[in-house]
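*Asks:* Following this message is one structure expressed as C-alpha coordinates.
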Amino acid sequence: MDKKSIGIYLIMKELGGFRVMSLEDRIFLQKSIYLLQLLGINLGYRFSWYRLGPYTSDLTTTAFQIQANIDQYIERFAKAALRKEVLESIDKLKHLLNKKPEKIEDHKWFELLSSIHYLKHISTTDPATITRSNISTKLMDAGKIGFDESHIALAWDCLHELGLIDRKSLPKIKPT
(Lines give C-alpha, C1' and ligand atoms only; values in the text may rest on other atoms or scores of the structure.)
Protein backbone atom coordinates (compact mmCIF):
# COMPACT_ATOMS: atom_id res chain seq x y z
CA MET A 1 0.00 0.00 0.00
CA ASP A 2 1.52 3.26 -1.10
CA LYS A 3 0.46 6.80 -0.18
CA LYS A 4 -1.29 7.32 -3.50
CA SER A 5 -3.50 4.24 -3.20
CA ILE A 6 -4.31 5.08 0.42
CA GLY A 7 -5.28 8.60 -0.68
CA ILE A 8 -7.49 7.28 -3.49
CA TYR A 9 -9.22 4.89 -1.10
CA LEU A 10 -9.83 7.60 1.52
CA ILE A 11 -11.01 10.15 -1.05
CA MET A 12 -13.52 7.77 -2.59
CA LYS A 13 -14.65 6.66 0.86
CA GLU A 14 -15.37 10.34 1.61
CA LEU A 15 -17.29 10.64 -1.66
CA GLY A 16 -19.64 7.82 -0.72
CA GLY A 17 -17.56 4.67 -0.82
CA PHE A 18 -14.82 2.97 -2.78
CA ARG A 19 -16.42 1.08 -5.69
CA VAL A 20 -14.97 -0.04 -9.03
CA MET A 21 -17.05 -3.03 -10.06
CA SER A 22 -19.32 -1.25 -12.56
CA LEU A 23 -18.40 1.01 -15.45
CA GLU A 24 -20.37 3.81 -13.75
CA ASP A 25 -18.26 3.39 -10.60
CA ARG A 26 -15.04 3.62 -12.61
CA ILE A 27 -16.24 6.68 -14.53
CA PHE A 28 -17.11 8.39 -11.24
CA LEU A 29 -13.67 7.50 -9.83
CA GLN A 30 -11.78 8.74 -12.90
CA LYS A 31 -13.69 12.01 -13.17
CA SER A 32 -13.60 12.66 -9.41
CA ILE A 33 -9.82 12.37 -9.35
CA TYR A 34 -9.48 14.49 -12.50
CA LEU A 35 -11.59 17.25 -10.92
CA LEU A 36 -9.80 17.00 -7.56
CA GLN A 37 -6.47 17.46 -9.28
CA LEU A 38 -7.86 20.59 -10.96
CA LEU A 39 -8.80 21.81 -7.48
CA GLY A 40 -5.17 21.51 -6.37
CA ILE A 41 -4.96 18.00 -4.92
CA ASN A 42 -1.95 16.63 -6.79
CA LEU A 43 -2.22 12.88 -6.96
CA GLY A 44 0.23 12.65 -9.86
CA TYR A 45 -2.10 11.31 -12.54
CA ARG A 46 -1.82 12.43 -16.15
CA PHE A 47 -5.05 12.19 -18.09
CA SER A 48 -5.63 11.84 -21.80
CA TRP A 49 -8.84 11.78 -23.83
CA TYR A 50 -10.72 8.52 -24.08
CA ARG A 51 -14.27 7.65 -25.15
CA LEU A 52 -15.83 8.87 -21.91
CA GLY A 53 -13.64 11.92 -21.35
CA PRO A 54 -10.42 12.35 -19.39
CA TYR A 55 -8.93 8.97 -18.46
CA THR A 56 -5.74 7.48 -17.09
CA SER A 57 -5.02 3.76 -17.08
CA ASP A 58 -2.69 4.24 -14.08
CA LEU A 59 -5.68 5.18 -11.92
CA THR A 60 -7.62 2.13 -13.11
CA THR A 61 -4.66 -0.08 -12.22
CA THR A 62 -4.43 1.50 -8.76
CA ALA A 63 -8.19 1.13 -8.25
CA PHE A 64 -8.16 -2.59 -9.08
CA GLN A 65 -5.16 -3.12 -6.77
CA ILE A 66 -7.12 -1.45 -3.99
CA GLN A 67 -10.17 -3.59 -4.77
CA ALA A 68 -8.06 -6.76 -4.66
CA ASN A 69 -6.97 -5.82 -1.13
CA ILE A 70 -10.09 -3.98 0.00
CA ASP A 71 -10.41 -5.83 3.31
CA GLN A 72 -6.94 -4.63 4.33
CA TYR A 73 -7.81 -1.05 3.41
CA ILE A 74 -11.06 -1.17 5.36
CA GLU A 75 -9.32 -2.58 8.42
CA ARG A 76 -6.21 -0.39 8.37
CA PHE A 77 -7.80 2.91 7.43
CA ALA A 78 -11.18 2.82 9.14
CA LYS A 79 -10.23 5.79 11.32
CA ALA A 80 -7.78 7.54 8.98
CA ALA A 81 -8.45 11.16 8.11
CA LEU A 82 -7.62 13.26 5.10
CA ARG A 83 -5.86 16.59 5.32
CA LYS A 84 -8.03 19.69 5.66
CA GLU A 85 -7.28 20.97 2.13
CA VAL A 86 -8.24 17.60 0.63
CA LEU A 87 -11.52 17.61 2.55
CA GLU A 88 -12.21 21.18 1.37
CA SER A 89 -11.71 20.10 -2.26
CA ILE A 90 -13.95 17.08 -1.74
CA ASP A 91 -16.60 19.43 -0.35
CA LYS A 92 -16.37 21.37 -3.62
CA LEU A 93 -17.02 18.15 -5.54
CA LYS A 94 -20.00 17.43 -3.32
CA HIS A 95 -21.24 20.95 -4.03
CA LEU A 96 -20.98 20.19 -7.77
CA LEU A 97 -23.05 17.05 -7.24
CA ASN A 98 -25.73 19.11 -5.52
CA LYS A 99 -25.94 21.36 -8.59
CA LYS A 100 -26.43 18.60 -11.15
CA PRO A 101 -29.68 18.37 -13.07
CA GLU A 102 -32.15 15.85 -11.60
CA LYS A 103 -32.16 13.44 -14.50
CA ILE A 104 -28.38 13.12 -14.79
CA GLU A 105 -26.57 10.50 -12.73
CA ASP A 106 -23.52 11.48 -10.66
CA HIS A 107 -21.00 9.75 -12.91
CA LYS A 108 -22.48 11.35 -16.04
CA TRP A 109 -22.43 14.82 -14.41
CA PHE A 110 -18.75 14.45 -13.53
CA GLU A 111 -18.13 13.10 -17.03
CA LEU A 112 -19.65 16.28 -18.49
CA LEU A 113 -17.76 18.63 -16.15
CA SER A 114 -14.40 16.96 -16.72
CA SER A 115 -14.96 16.66 -20.48
CA ILE A 116 -15.78 20.35 -20.82
CA HIS A 117 -12.65 21.31 -18.90
CA TYR A 118 -10.45 18.88 -20.83
CA LEU A 119 -11.74 20.00 -24.23
CA LYS A 120 -11.35 23.67 -23.28
CA HIS A 121 -7.97 23.62 -21.55
CA ILE A 122 -6.06 20.44 -22.35
CA SER A 123 -6.92 19.38 -25.89
CA THR A 124 -6.19 22.75 -27.50
CA THR A 125 -3.21 25.03 -27.84
CA ASP A 126 -5.32 28.17 -27.47
CA PRO A 127 -8.02 27.78 -24.79
CA ALA A 128 -9.11 31.42 -25.18
CA THR A 129 -10.54 30.63 -28.62
CA ILE A 130 -12.74 27.77 -27.36
CA THR A 131 -16.27 28.93 -26.55
CA ARG A 132 -19.18 27.12 -24.99
CA SER A 133 -20.60 26.71 -28.48
CA ASN A 134 -17.35 25.05 -29.63
CA ILE A 135 -17.52 22.75 -26.63
CA SER A 136 -21.08 21.70 -27.48
CA THR A 137 -19.97 20.77 -30.98
CA LYS A 138 -16.89 18.92 -29.70
CA LEU A 139 -18.99 16.99 -27.18
CA MET A 140 -21.42 15.91 -29.88
CA ASP A 141 -18.50 14.96 -32.17
CA ALA A 142 -17.06 12.88 -29.32
CA GLY A 143 -20.35 11.00 -29.05
CA LYS A 144 -21.52 12.64 -25.83
CA ILE A 145 -25.22 12.36 -26.35
CA GLY A 146 -27.72 12.86 -23.59
CA PHE A 147 -26.47 16.33 -22.68
CA ASP A 148 -28.38 19.33 -23.95
CA GLU A 149 -27.40 22.99 -24.09
CA SER A 150 -28.86 23.68 -20.63
CA HIS A 151 -26.69 20.91 -19.12
CA ILE A 152 -23.60 22.29 -20.84
CA ALA A 153 -24.42 25.85 -19.72
CA LEU A 154 -24.92 24.74 -16.11
CA ALA A 155 -21.71 22.69 -16.13
CA TRP A 156 -19.82 25.65 -17.63
CA ASP A 157 -21.17 27.94 -14.90
CA CYS A 158 -20.21 25.44 -12.18
CA LEU A 159 -16.66 25.18 -13.53
CA HIS A 160 -16.45 28.96 -13.69
CA GLU A 161 -17.70 29.28 -10.11
CA LEU A 162 -14.77 27.12 -8.99
CA GLY A 163 -12.29 29.09 -11.10
CA LEU A 164 -11.68 26.16 -13.44
CA ILE A 165 -12.94 27.81 -16.62
CA ASP A 166 -13.02 31.41 -17.78
CA ARG A 167 -16.39 33.08 -18.31
CA LYS A 168 -14.74 35.27 -20.99
CA SER A 169 -14.96 32.22 -23.22
CA LEU A 170 -18.70 32.57 -23.51
CA PRO A 171 -19.80 33.69 -26.96
CA LYS A 172 -20.70 37.34 -27.22
CA ILE A 173 -24.45 37.87 -27.37
CA LYS A 174 -25.43 40.41 -29.96
CA PRO A 175 -27.98 42.99 -28.78
CA THR A 176 -31.34 42.69 -30.51
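Here's how to read the names in the C-alpha coordinates: chain A, B, ... by the order shown, residue numbers from 1 in each chain, ligand numbers from 1 in the order shown.
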Could you name the residues that touch Ile6 (chain A) at 12 Å or less, counting only C-alpha atoms, but leaving out those on the same chain fewer than 2 positions away, as a PyMOL selection string?

*Replies:* chain A and resi 1-4+8-13+18+43+62-63+65-67+69-70+72-74+76-78+80-82

*Asks:* Might you pull out every residue within 6 Å of region 107-115 of chain A, with only C-alpha atoms counted and same-chain residues fewer than 2 positions away left off, and present them as a PDB file with N, CA and C atoms, in the first residue's frame?

*Replies:*
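Done, and the output landed in part.pdb:
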```pdb
ATOM      1  N   ILE A  27     -16.130   5.342 -13.945  1.00  0.00           N
ATOM      2  CA  ILE A  27     -16.244   6.685 -14.525  1.00  0.00           C
ATOM      3  C   ILE A  27     -16.246   7.718 -13.407  1.00  0.00           C
ATOM      4  N   PHE A  28     -17.045   7.467 -12.365  1.00  0.00           N
ATOM      5  CA  PHE A  28     -17.110   8.391 -11.236  1.00  0.00           C
ATOM      6  C   PHE A  28     -15.734   8.550 -10.587  1.00  0.00           C
ATOM      7  N   LYS A  31     -13.334  10.592 -13.052  1.00  0.00           N
ATOM      8  CA  LYS A  31     -13.689  12.006 -13.175  1.00  0.00           C
ATOM      9  C   LYS A  31     -13.539  12.738 -11.843  1.00  0.00           C
ATOM     10  N   GLY A  53     -14.278  10.733 -21.904  1.00  0.00           N
ATOM     11  CA  GLY A  53     -13.645  11.919 -21.350  1.00  0.00           C
ATOM     12  C   GLY A  53     -12.255  11.644 -20.821  1.00  0.00           C
ATOM     13  N   GLU A 105     -27.221  11.235 -13.812  1.00  0.00           N
ATOM     14  CA  GLU A 105     -26.574  10.496 -12.729  1.00  0.00           C
ATOM     15  C   GLU A 105     -25.241  11.139 -12.371  1.00  0.00           C
ATOM     16  N   HIS A 117     -13.945  20.741 -19.278  1.00  0.00           N
ATOM     17  CA  HIS A 117     -12.648  21.311 -18.901  1.00  0.00           C
ATOM     18  C   HIS A 117     -11.541  20.786 -19.799  1.00  0.00           C
ATOM     19  N   TYR A 118     -11.509  19.489 -20.014  1.00  0.00           N
ATOM     20  CA  TYR A 118     -10.449  18.884 -20.826  1.00  0.00           C
ATOM     21  C   TYR A 118     -10.465  19.452 -22.246  1.00  0.00           C
ATOM     22  N   LEU A 119     -11.641  19.507 -22.860  1.00  0.00           N
ATOM     23  CA  LEU A 119     -11.737  20.002 -24.232  1.00  0.00           C
ATOM     24  C   LEU A 119     -11.359  21.475 -24.325  1.00  0.00           C
ATOM     25  N   ALA A 155     -23.040  23.233 -16.429  1.00  0.00           N
ATOM     26  CA  ALA A 155     -21.706  22.694 -16.127  1.00  0.00           C
ATOM     27  C   ALA A 155     -20.642  23.774 -16.303  1.00  0.00           C
TER      28      ALA A 155
END
```

*Asks:* List as a PyMOL selection string the protein and nucleic acid residues near region 90-100 of chain A, meaning an atom at most 9 Å away when only C-alpha atoms are counted, but skip any in the same chain fewer than 4 places from it.

*Replies:* chain A and resi 11+14-15+32+35-36+39+85-86+104-106+109-110+151+154-155+158-159+162
